[in-house]
>>> print(open('final.cif').read())   # mmCIF, C-alpha atoms and all ligand atoms
data_work
loop_
_atom_site.group_PDB
_atom_site.id
_atom_site.type_symbol
_atom_site.label_atom_id
_atom_site.label_comp_id
_atom_site.auth_asym_id
_atom_site.auth_seq_id
_atom_site.Cartn_x
_atom_site.Cartn_y
_atom_site.Cartn_z
ATOM 1 C CA MET T 221 30.536 -8.528 -61.063
ATOM 2 C CA ASN T 222 30.624 -4.984 -62.197
ATOM 3 C CA SER T 223 33.141 -2.197 -62.131
ATOM 4 C CA ASN T 224 34.905 0.015 -64.585
ATOM 5 C CA VAL T 225 38.250 -0.330 -62.874
ATOM 6 C CA GLN T 226 38.169 -3.452 -60.767
ATOM 7 C CA GLN T 227 39.892 -6.369 -62.556
ATOM 8 C CA TRP T 228 38.307 -9.772 -61.936
ATOM 9 C CA ASN T 229 40.504 -12.838 -61.723
ATOM 10 C CA ALA T 230 38.113 -15.821 -61.832
ATOM 11 C CA ASP T 231 40.774 -18.306 -60.636
ATOM 12 C CA LEU T 232 41.741 -16.245 -57.611
ATOM 13 C CA TYR T 233 38.066 -15.579 -56.916
ATOM 14 C CA ASP T 234 37.249 -19.307 -56.883
ATOM 15 C CA THR T 235 40.300 -20.460 -54.935
ATOM 16 C CA LYS T 236 40.689 -17.741 -52.293
ATOM 17 C CA HIS T 237 37.246 -16.099 -52.066
ATOM 18 C CA LYS T 238 34.773 -18.948 -52.416
ATOM 19 C CA PHE T 239 33.310 -17.922 -49.036
ATOM 20 C CA VAL T 240 31.429 -15.184 -50.935
ATOM 21 C CA SER T 241 28.987 -17.709 -52.411
ATOM 22 C CA SER T 242 29.011 -20.091 -49.446
ATOM 23 C CA LEU T 243 27.751 -17.288 -47.156
ATOM 24 C CA ALA T 244 24.687 -16.666 -49.319
ATOM 25 C CA THR T 245 22.533 -19.607 -48.220
ATOM 26 C CA GLU T 246 20.166 -17.419 -46.199
ATOM 27 C CA THR T 247 19.665 -15.027 -49.095
ATOM 28 C CA VAL T 248 18.801 -17.938 -51.392
ATOM 29 C CA GLU T 249 16.332 -19.104 -48.723
ATOM 30 C CA LEU T 250 14.806 -15.622 -48.757
ATOM 31 C CA LEU T 251 14.512 -15.880 -52.549
ATOM 32 C CA SER T 252 12.821 -19.259 -52.093
ATOM 33 C CA PRO T 253 13.098 -20.383 -55.731
ATOM 34 C CA LYS T 254 10.206 -22.509 -56.988
ATOM 35 C CA VAL T 255 10.153 -25.269 -59.596
ATOM 36 C CA GLY T 256 9.587 -23.795 -63.055
ATOM 37 C CA GLU T 257 10.240 -20.175 -62.069
ATOM 38 C CA ARG T 258 12.469 -18.102 -64.319
ATOM 39 C CA ILE T 259 15.108 -16.292 -62.281
ATOM 40 C CA LEU T 260 17.822 -13.800 -63.197
ATOM 41 C CA ASP T 261 21.064 -13.916 -61.158
ATOM 42 C CA ILE T 262 22.831 -10.555 -61.496
ATOM 43 C CA GLY T 263 26.606 -10.641 -61.076
ATOM 44 C CA CYS T 264 26.729 -14.433 -61.064
ATOM 45 C CA GLY T 265 30.551 -14.560 -60.952
ATOM 46 C CA THR T 266 31.747 -18.123 -61.478
ATOM 47 C CA GLY T 267 28.197 -19.529 -61.245
ATOM 48 C CA HIS T 268 28.058 -21.298 -57.868
ATOM 49 C CA LEU T 269 24.900 -19.547 -56.670
ATOM 50 C CA THR T 270 23.292 -19.814 -60.117
ATOM 51 C CA GLN T 271 23.733 -23.573 -59.737
ATOM 52 C CA HIS T 272 22.402 -23.501 -56.164
ATOM 53 C CA ILE T 273 19.227 -21.707 -57.339
ATOM 54 C CA ALA T 274 18.850 -24.008 -60.360
ATOM 55 C CA SER T 275 19.102 -27.048 -58.076
ATOM 56 C CA CYS T 276 15.751 -25.952 -56.565
ATOM 57 C CA GLY T 277 14.111 -26.525 -59.961
ATOM 58 C CA ALA T 278 14.094 -22.959 -61.270
ATOM 59 C CA GLU T 279 15.340 -21.989 -64.725
ATOM 60 C CA VAL T 280 18.139 -19.522 -64.037
ATOM 61 C CA LEU T 281 20.090 -17.135 -66.237
ATOM 62 C CA GLY T 282 23.361 -15.878 -64.716
ATOM 63 C CA VAL T 283 24.734 -12.588 -66.028
ATOM 64 C CA ASP T 284 28.013 -10.861 -65.250
ATOM 65 C CA SER T 285 29.853 -7.959 -66.865
ATOM 66 C CA ALA T 286 33.236 -9.765 -66.599
ATOM 67 C CA GLU T 287 33.970 -12.115 -69.501
ATOM 68 C CA THR T 288 36.506 -13.972 -67.340
ATOM 69 C CA MET T 289 33.803 -14.826 -64.797
ATOM 70 C CA ILE T 290 31.297 -15.971 -67.441
ATOM 71 C CA TRP T 291 33.965 -18.095 -69.125
ATOM 72 C CA GLN T 292 34.692 -19.815 -65.796
ATOM 73 C CA ALA T 293 30.958 -20.143 -64.969
ATOM 74 C CA ARG T 294 30.412 -21.972 -68.274
ATOM 75 C CA GLN T 295 33.341 -24.292 -67.484
ATOM 76 C CA ASN T 296 31.960 -24.949 -64.003
ATOM 77 C CA TYR T 297 28.334 -25.483 -65.056
ATOM 78 C CA PRO T 298 28.028 -26.271 -68.784
ATOM 79 C CA ASN T 299 24.325 -27.131 -68.424
ATOM 80 C CA LEU T 300 23.331 -23.705 -67.134
ATOM 81 C CA GLN T 301 22.690 -20.489 -69.063
ATOM 82 C CA PHE T 302 25.117 -17.572 -68.691
ATOM 83 C CA ALA T 303 25.574 -14.287 -70.544
ATOM 84 C CA VAL T 304 27.996 -11.366 -70.405
ATOM 85 C CA MET T 305 25.849 -8.369 -69.468
ATOM 86 C CA ASP T 306 26.331 -5.258 -67.368
ATOM 87 C CA ALA T 307 23.852 -4.791 -64.515
ATOM 88 C CA ILE T 308 23.326 -1.168 -65.535
ATOM 89 C CA ASN T 309 22.206 -2.289 -69.014
ATOM 90 C CA LEU T 310 19.916 -5.250 -68.447
ATOM 91 C CA GLU T 311 18.239 -6.200 -71.707
ATOM 92 C CA PHE T 312 15.038 -7.921 -70.550
ATOM 93 C CA THR T 313 11.363 -7.006 -70.488
ATOM 94 C CA GLY T 314 8.867 -8.721 -68.188
ATOM 95 C CA GLU T 315 10.600 -12.123 -68.406
ATOM 96 C CA PHE T 316 11.500 -13.054 -64.847
ATOM 97 C CA ASP T 317 9.572 -14.173 -61.759
ATOM 98 C CA ALA T 318 12.483 -13.045 -59.595
ATOM 99 C CA VAL T 319 15.778 -11.198 -59.819
ATOM 100 C CA PHE T 320 18.521 -12.204 -57.386
ATOM 101 C CA SER T 321 21.873 -10.666 -56.580
ATOM 102 C CA ASN T 322 24.537 -11.504 -53.987
ATOM 103 C CA ALA T 323 27.650 -9.472 -53.088
ATOM 104 C CA VAL T 324 27.632 -7.458 -56.306
ATOM 105 C CA LEU T 325 25.525 -4.299 -56.084
ATOM 106 C CA HIS T 326 28.148 -2.551 -53.930
ATOM 107 C CA TRP T 327 30.329 -2.408 -57.071
ATOM 108 C CA ILE T 328 27.814 -0.319 -58.989
ATOM 109 C CA LYS T 329 27.758 3.389 -58.368
ATOM 110 C CA GLN T 330 24.672 3.929 -60.543
ATOM 111 C CA PRO T 331 22.074 2.078 -58.442
ATOM 112 C CA GLU T 332 19.150 3.837 -60.148
ATOM 113 C CA LYS T 333 20.100 2.201 -63.452
ATOM 114 C CA VAL T 334 20.283 -1.252 -61.877
ATOM 115 C CA ILE T 335 16.934 -0.797 -60.137
ATOM 116 C CA ALA T 336 15.281 0.444 -63.368
ATOM 117 C CA GLY T 337 16.656 -2.598 -65.256
ATOM 118 C CA VAL T 338 15.491 -5.005 -62.551
ATOM 119 C CA TRP T 339 12.012 -3.443 -62.631
ATOM 120 C CA LYS T 340 11.831 -3.797 -66.410
ATOM 121 C CA SER T 341 13.110 -7.409 -66.305
ATOM 122 C CA LEU T 342 10.477 -8.569 -63.799
ATOM 123 C CA LYS T 343 6.973 -9.792 -64.529
ATOM 124 C CA PRO T 344 4.219 -7.945 -62.606
ATOM 125 C CA GLY T 345 4.256 -9.298 -59.049
ATOM 126 C CA GLY T 346 7.895 -10.380 -59.444
ATOM 127 C CA ARG T 347 10.388 -10.047 -56.607
ATOM 128 C CA PHE T 348 13.854 -8.556 -56.256
ATOM 129 C CA VAL T 349 15.988 -10.230 -53.580
ATOM 130 C CA ALA T 350 19.481 -8.897 -52.972
ATOM 131 C CA GLU T 351 22.292 -8.803 -50.458
ATOM 132 C CA PHE T 352 25.332 -6.544 -50.648
ATOM 133 C CA GLY T 353 27.557 -4.288 -48.576
ATOM 134 C CA GLY T 354 25.582 -1.636 -46.672
ATOM 135 C CA LYS T 355 26.477 1.592 -44.876
ATOM 136 C CA GLY T 356 29.539 1.032 -42.669
ATOM 137 C CA ASN T 357 30.749 -2.012 -44.623
ATOM 138 C CA ILE T 358 34.530 -2.649 -44.290
ATOM 139 C CA ASN T 359 34.999 0.657 -42.436
ATOM 140 C CA SER T 360 38.085 -0.603 -40.590
ATOM 141 C CA ILE T 361 39.770 -2.010 -43.699
ATOM 142 C CA GLN T 362 39.078 1.093 -45.787
ATOM 143 C CA THR T 363 40.290 3.445 -43.042
ATOM 144 C CA ALA T 364 43.499 1.442 -42.505
ATOM 145 C CA LEU T 365 44.187 1.363 -46.249
ATOM 146 C CA GLU T 366 43.672 5.111 -46.602
ATOM 147 C CA ARG T 367 45.972 5.759 -43.647
ATOM 148 C CA ALA T 368 48.688 3.457 -45.031
ATOM 149 C CA ILE T 369 48.521 5.128 -48.437
ATOM 150 C CA CYS T 370 48.706 8.630 -46.923
ATOM 151 C CA GLN T 371 51.813 7.579 -45.003
ATOM 152 C CA GLU T 372 53.449 6.466 -48.262
ATOM 153 C CA SER T 373 52.505 9.390 -50.407
ATOM 154 C CA SER T 374 51.180 12.807 -49.425
ATOM 155 C CA ALA T 375 49.919 13.141 -53.017
ATOM 156 C CA PHE T 376 47.242 10.605 -52.123
ATOM 157 C CA GLU T 377 45.340 12.688 -49.622
ATOM 158 C CA LYS T 378 42.025 11.036 -50.375
ATOM 159 C CA VAL T 379 41.759 7.507 -51.719
ATOM 160 C CA SER T 380 38.506 7.077 -53.567
ATOM 161 C CA ASN T 381 36.344 4.212 -52.363
ATOM 162 C CA PRO T 382 35.373 2.095 -55.391
ATOM 163 C CA ASN T 383 32.247 0.812 -53.617
ATOM 164 C CA TYR T 384 28.672 1.955 -52.957
ATOM 165 C CA PHE T 385 27.438 1.107 -49.457
ATOM 166 C CA PRO T 386 23.957 2.616 -48.939
ATOM 167 C CA SER T 387 21.864 2.798 -45.773
ATOM 168 C CA ILE T 388 18.448 1.130 -45.617
ATOM 169 C CA ALA T 389 16.798 4.552 -45.968
ATOM 170 C CA GLU T 390 18.852 5.493 -49.008
ATOM 171 C CA TYR T 391 18.255 2.230 -50.881
ATOM 172 C CA SER T 392 14.567 1.967 -49.911
ATOM 173 C CA SER T 393 13.936 5.399 -51.260
ATOM 174 C CA LEU T 394 15.507 4.463 -54.632
ATOM 175 C CA LEU T 395 13.403 1.288 -54.792
ATOM 176 C CA GLU T 396 10.205 3.126 -53.904
ATOM 177 C CA LYS T 397 10.932 5.885 -56.406
ATOM 178 C CA GLN T 398 11.029 3.167 -59.077
ATOM 179 C CA GLY T 399 7.663 1.807 -57.894
ATOM 180 C CA PHE T 400 8.827 -1.202 -55.873
ATOM 181 C CA GLU T 401 7.167 -2.120 -52.587
ATOM 182 C CA LEU T 402 9.868 -2.911 -50.050
ATOM 183 C CA THR T 403 8.708 -5.862 -47.938
ATOM 184 C CA PHE T 404 11.948 -6.639 -46.094
ATOM 185 C CA ALA T 405 15.158 -4.773 -45.303
ATOM 186 C CA THR T 406 17.895 -5.421 -42.783
ATOM 187 C CA LEU T 407 21.402 -4.104 -42.154
ATOM 188 C CA PHE T 408 23.598 -6.369 -40.037
ATOM 189 C CA ASP T 409 27.249 -6.943 -39.137
ATOM 190 C CA ARG T 410 28.865 -10.118 -40.386
ATOM 191 C CA LEU T 411 32.487 -10.495 -39.362
ATOM 192 C CA THR T 412 33.665 -12.756 -42.176
ATOM 193 C CA PRO T 413 36.666 -15.107 -41.912
ATOM 194 C CA LEU T 414 39.201 -14.858 -44.736
ATOM 195 C CA ASN T 415 41.180 -17.868 -45.908
ATOM 196 C CA GLY T 416 44.641 -18.470 -44.468
ATOM 197 C CA GLU T 417 47.497 -16.540 -42.908
ATOM 198 C CA SER T 418 47.522 -14.157 -45.916
ATOM 199 C CA GLY T 419 43.746 -13.653 -45.809
ATOM 200 C CA MET T 420 43.831 -9.872 -45.434
ATOM 201 C CA VAL T 421 46.574 -9.382 -48.035
ATOM 202 C CA ASN T 422 44.709 -11.626 -50.501
ATOM 203 C CA TRP T 423 41.497 -9.693 -49.885
ATOM 204 C CA LEU T 424 43.248 -6.368 -50.541
ATOM 205 C CA LYS T 425 44.990 -7.703 -53.667
ATOM 206 C CA MET T 426 41.692 -8.987 -55.023
ATOM 207 C CA PHE T 427 39.305 -6.186 -54.085
ATOM 208 C CA ARG T 428 41.563 -3.132 -53.917
ATOM 209 C CA ASN T 429 43.712 -3.905 -56.963
ATOM 210 C CA SER T 430 42.469 -0.718 -58.655
ATOM 211 C CA VAL T 431 43.867 1.359 -55.757
ATOM 212 C CA LEU T 432 47.110 -0.598 -55.241
ATOM 213 C CA ALA T 433 47.969 -0.631 -58.953
ATOM 214 C CA ALA T 434 49.019 3.036 -58.741
ATOM 215 C CA PHE T 435 52.094 2.016 -56.673
ATOM 216 C CA SER T 436 55.319 0.126 -57.347
ATOM 217 C CA GLU T 437 55.587 -3.448 -56.051
ATOM 218 C CA ASP T 438 57.820 -2.353 -53.159
ATOM 219 C CA THR T 439 55.406 0.362 -52.107
ATOM 220 C CA GLN T 440 52.462 -2.019 -52.392
ATOM 221 C CA ALA T 441 54.248 -4.478 -50.092
ATOM 222 C CA ARG T 442 54.809 -1.710 -47.502
ATOM 223 C CA ILE T 443 51.173 -0.579 -47.737
ATOM 224 C CA LEU T 444 49.908 -4.144 -47.265
ATOM 225 C CA ALA T 445 52.178 -4.723 -44.266
ATOM 226 C CA ASN T 446 51.069 -1.418 -42.757
ATOM 227 C CA VAL T 447 47.372 -2.308 -43.172
ATOM 228 C CA GLU T 448 47.965 -5.697 -41.532
ATOM 229 C CA GLU T 449 49.755 -4.045 -38.611
ATOM 230 C CA GLN T 450 46.891 -1.589 -38.063
ATOM 231 C CA LEU T 451 44.186 -4.252 -38.281
ATOM 232 C CA ARG T 452 45.873 -7.096 -36.408
ATOM 233 C CA PRO T 453 44.554 -6.057 -32.944
ATOM 234 C CA THR T 454 40.915 -6.031 -34.104
ATOM 235 C CA LEU T 455 40.548 -8.234 -37.185
ATOM 236 C CA TYR T 456 43.027 -11.086 -36.512
ATOM 237 C CA LYS T 457 41.815 -13.682 -34.036
ATOM 238 C CA ASN T 458 42.886 -17.309 -33.441
ATOM 239 C CA ILE T 459 45.187 -17.249 -36.481
ATOM 240 C CA THR T 460 42.371 -16.075 -38.749
ATOM 241 C CA TRP T 461 41.852 -12.756 -40.502
ATOM 242 C CA PHE T 462 38.322 -11.315 -40.653
ATOM 243 C CA ALA T 463 36.692 -8.696 -42.871
ATOM 244 C CA ASP T 464 34.345 -6.295 -41.066
ATOM 245 C CA TYR T 465 31.460 -6.854 -43.458
ATOM 246 C CA ARG T 466 28.074 -5.236 -42.917
ATOM 247 C CA ARG T 467 25.326 -6.549 -45.169
ATOM 248 C CA LEU T 468 22.212 -4.877 -46.524
ATOM 249 C CA ARG T 469 19.577 -7.474 -47.435
ATOM 250 C CA ILE T 470 16.311 -6.529 -49.164
ATOM 251 C CA VAL T 471 13.168 -7.955 -50.732
ATOM 252 C CA ALA T 472 11.132 -5.682 -53.011
ATOM 253 C CA ILE T 473 8.029 -6.495 -55.044
ATOM 254 C CA LYS T 474 6.961 -5.130 -58.426
ATOM 255 C CA ASN T 475 3.250 -4.555 -57.735
HETATM 256 C C1 LIG X 1 31.691 -7.079 -49.735
HETATM 257 O O1 LIG X 1 31.353 -8.210 -50.084
HETATM 258 O O2 LIG X 1 31.091 -6.445 -48.887
HETATM 259 C C2 LIG X 1 32.846 -6.436 -50.397
HETATM 260 C C3 LIG X 1 33.720 -7.214 -51.120
HETATM 261 C C4 LIG X 1 34.774 -6.599 -51.729
HETATM 262 C C5 LIG X 1 34.970 -5.252 -51.617
HETATM 263 C C6 LIG X 1 34.108 -4.492 -50.895
HETATM 264 C C7 LIG X 1 33.036 -5.095 -50.274
#
>>> encode(input="final.cif", output="structure tokens", more="lines below")
Ligand code: BEZ
Amino acid sequence: MNSNVQQWNADLYDTKHKFVSSLATETVELLSPKVGERILDIGCGTGHLTQHIASCGAEVLGVDSAETMIWQARQNYPNLQFAVMDAINLEFTGEFDAVFSNAVLHWIKQPEKVIAGVWKSLKPGGRFVAEFGGKGNINSIQTALERAICQESSAFEKVSNPNYFPSIAEYSSLLEKQGFELTFATLFDRLTPLNGESGMVNWLKMFRNSVLAAFSEDTQARILANVEEQLRPTLYKNITWFADYRRLRIVAIKN
């Protein structure tokens, strides 16, 4: 995971947001890890997908900028390799057959630096397979949060969005500028169920903690209730909350 302001709680991530790694099966299939390949997993979090890729016979290194996540990953999978490293400062040269990343790149507002590091890390012919939030991701949640905050405090006219959600065109052009050949790109909606009756509140507490932290506990509680009220008609169905995720999935080759 990567962000200057976002705080990562590995326990909360594993208990309430495990769906993040369980939804990545198709992206791992797209990666198609082979026995003996060396693969870099950027933003490995608590290591579940690193383990999934390693179970195919590849040698995987999981990196994450959050020490808390790497500590938990090492507890979860002591036989795998993990390192604390920021995706904008990857320290490898021509070592990997593939670089993989799931649900992380939307936290990094300097995509050029990530792409340059991925390029440098790959062997010639290596592949970059990634999925993350694309243009339009969580539009309803973000809009409801901004509205709730404006209603609390006129000083907060514009709430900054801590994420980067590019279109296919935008991201392809960055990849091609680096020299990658883009062989696959898709942008698709994936309404994603959140765990439990407090699913939306838990999501906001986990992923918008940097925004909510500016307010007192009472105000935060009002903001969260307001967001729930706005979203209930569209994102609460059959006693389940959903996040209006939209994923960008790509494969790019270093030719
Ligand atoms: C996502 O996976 O799309 C996402 C998660 C947290 C915050 C923003 C986006």
>>> closest_atom_pairs(input="final.cif", of="chain T", to="ligand LIG 1 (chain X)", cutoff="7 Å", atoms="only C-alpha atoms and all ligand atoms", output="Markdown table")
| residue | atom | partner | partner_atom | distance |
| --- | --- | --- | --- | --- |
| T:Ala323 | CA | X:LIG1 | O1 | 4.9 |
| T:His326 | CA | X:LIG1 | C7 | 6.6 |
| T:Phe352 | CA | X:LIG1 | O2 | 6.0 |
| T:Gly353 | CA | X:LIG1 | O2 | 4.2 |
| T:Asn357 | CA | X:LIG1 | O2 | 6.2 |
| T:Ile358 | CA | X:LIG1 | C7 | 6.6 |
| T:Asn383 | CA | X:LIG1 | C6 | 6.2 |
| T:Phe427 | CA | X:LIG1 | C5 | 5.1 |
| T:Tyr465 | CA | X:LIG1 | O2 | 5.5 |
| T:Arg466 | CA | X:LIG1 | O2 | 6.8 |
| T:Arg467 | CA | X:LIG1 | O2 | 6.9 |
>>> closest_residue(input="final.cif", among="T:Thr288, T:Ser436, T:Thr313, T:Thr460", to="Leu414 (chain T)", atoms="only C-alpha atoms")
T:Thr460
>>> closest_residue(input="final.cif", among="T:Val255, T:Trp291, T:Leu325, T:Asp409", to="Gly277 (chain T)", atoms="all atoms listed in the file")
T:Val255
>>> residues_around(input="final.cif", residues="Arg452 (chain T)", least_positions_apart="6", cutoff="10 Å", atoms="only C-alpha atoms", output="list in words")
Met420, Asn446, Thr460, Trp461 and Phe462 of chain T
>>> resolve_selection(input="final.cif", expression="the PyMOL selection byres (((chain T and resi 349) around 7) and not hetatm)", output="VMD selection string")
chain T and resid 251 319 to 321 347 to 348 350 470 to 472
>>> resolve_selection(input="final.cif", expression="the PyMOL selection byres (((chain T and resi 335) around 10) and not hetatm)", output="mmCIF file with C-alpha atoms, keeping the file's coordinate frame")
data_model
loop_
_atom_site.group_PDB
_atom_site.id
_atom_site.type_symbol
_atom_site.label_atom_id
_atom_site.label_comp_id
_atom_site.auth_asym_id
_atom_site.auth_seq_id
_atom_site.Cartn_x
_atom_site.Cartn_y
_atom_site.Cartn_z
ATOM 1 C CA ALA T 307 23.852 -4.791 -64.515
ATOM 2 C CA ILE T 308 23.326 -1.168 -65.535
ATOM 3 C CA LEU T 310 19.916 -5.250 -68.447
ATOM 4 C CA GLN T 330 24.672 3.929 -60.543
ATOM 5 C CA PRO T 331 22.074 2.078 -58.442
ATOM 6 C CA GLU T 332 19.150 3.837 -60.148
ATOM 7 C CA LYS T 333 20.100 2.201 -63.452
ATOM 8 C CA VAL T 334 20.283 -1.252 -61.877
ATOM 9 C CA ALA T 336 15.281 0.444 -63.368
ATOM 10 C CA GLY T 337 16.656 -2.598 -65.256
ATOM 11 C CA VAL T 338 15.491 -5.005 -62.551
ATOM 12 C CA TRP T 339 12.012 -3.443 -62.631
ATOM 13 C CA LYS T 340 11.831 -3.797 -66.410
ATOM 14 C CA SER T 341 13.110 -7.409 -66.305
ATOM 15 C CA PHE T 348 13.854 -8.556 -56.256
ATOM 16 C CA TYR T 391 18.255 2.230 -50.881
ATOM 17 C CA LEU T 394 15.507 4.463 -54.632
ATOM 18 C CA LEU T 395 13.403 1.288 -54.792
ATOM 19 C CA GLU T 396 10.205 3.126 -53.904
ATOM 20 C CA LYS T 397 10.932 5.885 -56.406
ATOM 21 C CA GLN T 398 11.029 3.167 -59.077
ATOM 22 C CA GLY T 399 7.663 1.807 -57.894
ATOM 23 C CA PHE T 400 8.827 -1.202 -55.873
#
>>> atom_distance(input="final.cif", atom1="CA of Glu448 (chain T)", atom2="CA of Pro382 (chain T)")
20.3 Å
>>> build_atoms(input="final.cif", residues="region 343-351 of chain T", atoms="all heavy atoms", output="PDB file, in the coordinates of the input")
ATOM      1  N   LYS T 343       8.402  -9.725 -64.225  1.00  0.00           N
ATOM      2  CA  LYS T 343       6.973  -9.792 -64.529  1.00  0.00           C
ATOM      3  C   LYS T 343       6.238  -8.993 -63.441  1.00  0.00           C
ATOM      4  O   LYS T 343       6.763  -8.850 -62.327  1.00  0.00           O
ATOM      5  CB  LYS T 343       6.491 -11.250 -64.442  1.00  0.00           C
ATOM      6  CG  LYS T 343       7.119 -12.188 -65.450  1.00  0.00           C
ATOM      7  CD  LYS T 343       6.624 -13.619 -65.168  1.00  0.00           C
ATOM      8  CE  LYS T 343       7.313 -14.619 -66.060  1.00  0.00           C
ATOM      9  NZ  LYS T 343       7.019 -16.018 -65.693  1.00  0.00           N
ATOM     10  N   PRO T 344       4.993  -8.566 -63.695  1.00  0.00           N
ATOM     11  CA  PRO T 344       4.219  -7.945 -62.606  1.00  0.00           C
ATOM     12  C   PRO T 344       4.107  -8.926 -61.437  1.00  0.00           C
ATOM     13  O   PRO T 344       3.896 -10.124 -61.646  1.00  0.00           O
ATOM     14  CB  PRO T 344       2.843  -7.699 -63.255  1.00  0.00           C
ATOM     15  CG  PRO T 344       3.118  -7.662 -64.734  1.00  0.00           C
ATOM     16  CD  PRO T 344       4.274  -8.584 -64.985  1.00  0.00           C
ATOM     17  N   GLY T 345       4.298  -8.431 -60.238  1.00  0.00           N
ATOM     18  CA  GLY T 345       4.256  -9.298 -59.049  1.00  0.00           C
ATOM     19  C   GLY T 345       5.599  -9.957 -58.747  1.00  0.00           C
ATOM     20  O   GLY T 345       5.743 -10.625 -57.722  1.00  0.00           O
ATOM     21  N   GLY T 346       6.567  -9.755 -59.632  1.00  0.00           N
ATOM     22  CA  GLY T 346       7.895 -10.380 -59.444  1.00  0.00           C
ATOM     23  C   GLY T 346       8.646  -9.777 -58.261  1.00  0.00           C
ATOM     24  O   GLY T 346       8.323  -8.685 -57.788  1.00  0.00           O
ATOM     25  N   ARG T 347       9.651 -10.510 -57.808  1.00  0.00           N
ATOM     26  CA  ARG T 347      10.388 -10.047 -56.607  1.00  0.00           C
ATOM     27  C   ARG T 347      11.866  -9.826 -56.899  1.00  0.00           C
ATOM     28  O   ARG T 347      12.462 -10.529 -57.731  1.00  0.00           O
ATOM     29  CB  ARG T 347      10.202 -11.043 -55.456  1.00  0.00           C
ATOM     30  CG  ARG T 347      10.713 -12.453 -55.758  1.00  0.00           C
ATOM     31  CD  ARG T 347      10.023 -13.472 -54.852  1.00  0.00           C
ATOM     32  NE  ARG T 347      10.619 -14.814 -54.952  1.00  0.00           N
ATOM     33  CZ  ARG T 347      10.339 -15.687 -55.924  1.00  0.00           C
ATOM     34  NH1 ARG T 347       9.505 -15.371 -56.910  1.00  0.00           N
ATOM     35  NH2 ARG T 347      10.919 -16.880 -55.933  1.00  0.00           N
ATOM     36  N   PHE T 348      12.426  -8.881 -56.168  1.00  0.00           N
ATOM     37  CA  PHE T 348      13.854  -8.556 -56.256  1.00  0.00           C
ATOM     38  C   PHE T 348      14.447  -8.863 -54.885  1.00  0.00           C
ATOM     39  O   PHE T 348      14.039  -8.275 -53.878  1.00  0.00           O
ATOM     40  CB  PHE T 348      13.996  -7.065 -56.611  1.00  0.00           C
ATOM     41  CG  PHE T 348      15.400  -6.539 -56.661  1.00  0.00           C
ATOM     42  CD1 PHE T 348      16.483  -7.338 -57.032  1.00  0.00           C
ATOM     43  CD2 PHE T 348      15.657  -5.192 -56.371  1.00  0.00           C
ATOM     44  CE1 PHE T 348      17.773  -6.833 -57.092  1.00  0.00           C
ATOM     45  CE2 PHE T 348      16.942  -4.669 -56.433  1.00  0.00           C
ATOM     46  CZ  PHE T 348      18.005  -5.492 -56.790  1.00  0.00           C
ATOM     47  N   VAL T 349      15.374  -9.821 -54.850  1.00  0.00           N
ATOM     48  CA  VAL T 349      15.988 -10.230 -53.580  1.00  0.00           C
ATOM     49  C   VAL T 349      17.496 -10.014 -53.711  1.00  0.00           C
ATOM     50  O   VAL T 349      18.129 -10.583 -54.616  1.00  0.00           O
ATOM     51  CB  VAL T 349      15.684 -11.724 -53.288  1.00  0.00           C
ATOM     52  CG1 VAL T 349      16.355 -12.170 -51.999  1.00  0.00           C
ATOM     53  CG2 VAL T 349      14.173 -11.954 -53.223  1.00  0.00           C
ATOM     54  N   ALA T 350      18.054  -9.214 -52.825  1.00  0.00           N
ATOM     55  CA  ALA T 350      19.481  -8.897 -52.972  1.00  0.00           C
ATOM     56  C   ALA T 350      20.157  -8.746 -51.625  1.00  0.00           C
ATOM     57  O   ALA T 350      19.535  -8.344 -50.633  1.00  0.00           O
ATOM     58  CB  ALA T 350      19.644  -7.609 -53.777  1.00  0.00           C
ATOM     59  N   GLU T 351      21.446  -9.084 -51.619  1.00  0.00           N
ATOM     60  CA  GLU T 351      22.292  -8.803 -50.458  1.00  0.00           C
ATOM     61  C   GLU T 351      23.596  -8.204 -50.965  1.00  0.00           C
ATOM     62  O   GLU T 351      24.164  -8.675 -51.965  1.00  0.00           O
ATOM     63  CB  GLU T 351      22.576 -10.082 -49.668  1.00  0.00           C
ATOM     64  CG  GLU T 351      23.444  -9.775 -48.445  1.00  0.00           C
ATOM     65  CD  GLU T 351      23.776 -11.007 -47.626  1.00  0.00           C
ATOM     66  OE1 GLU T 351      22.860 -11.746 -47.230  1.00  0.00           O
ATOM     67  OE2 GLU T 351      24.982 -11.201 -47.369  1.00  0.00           O
TER      68      GLU T 351
END
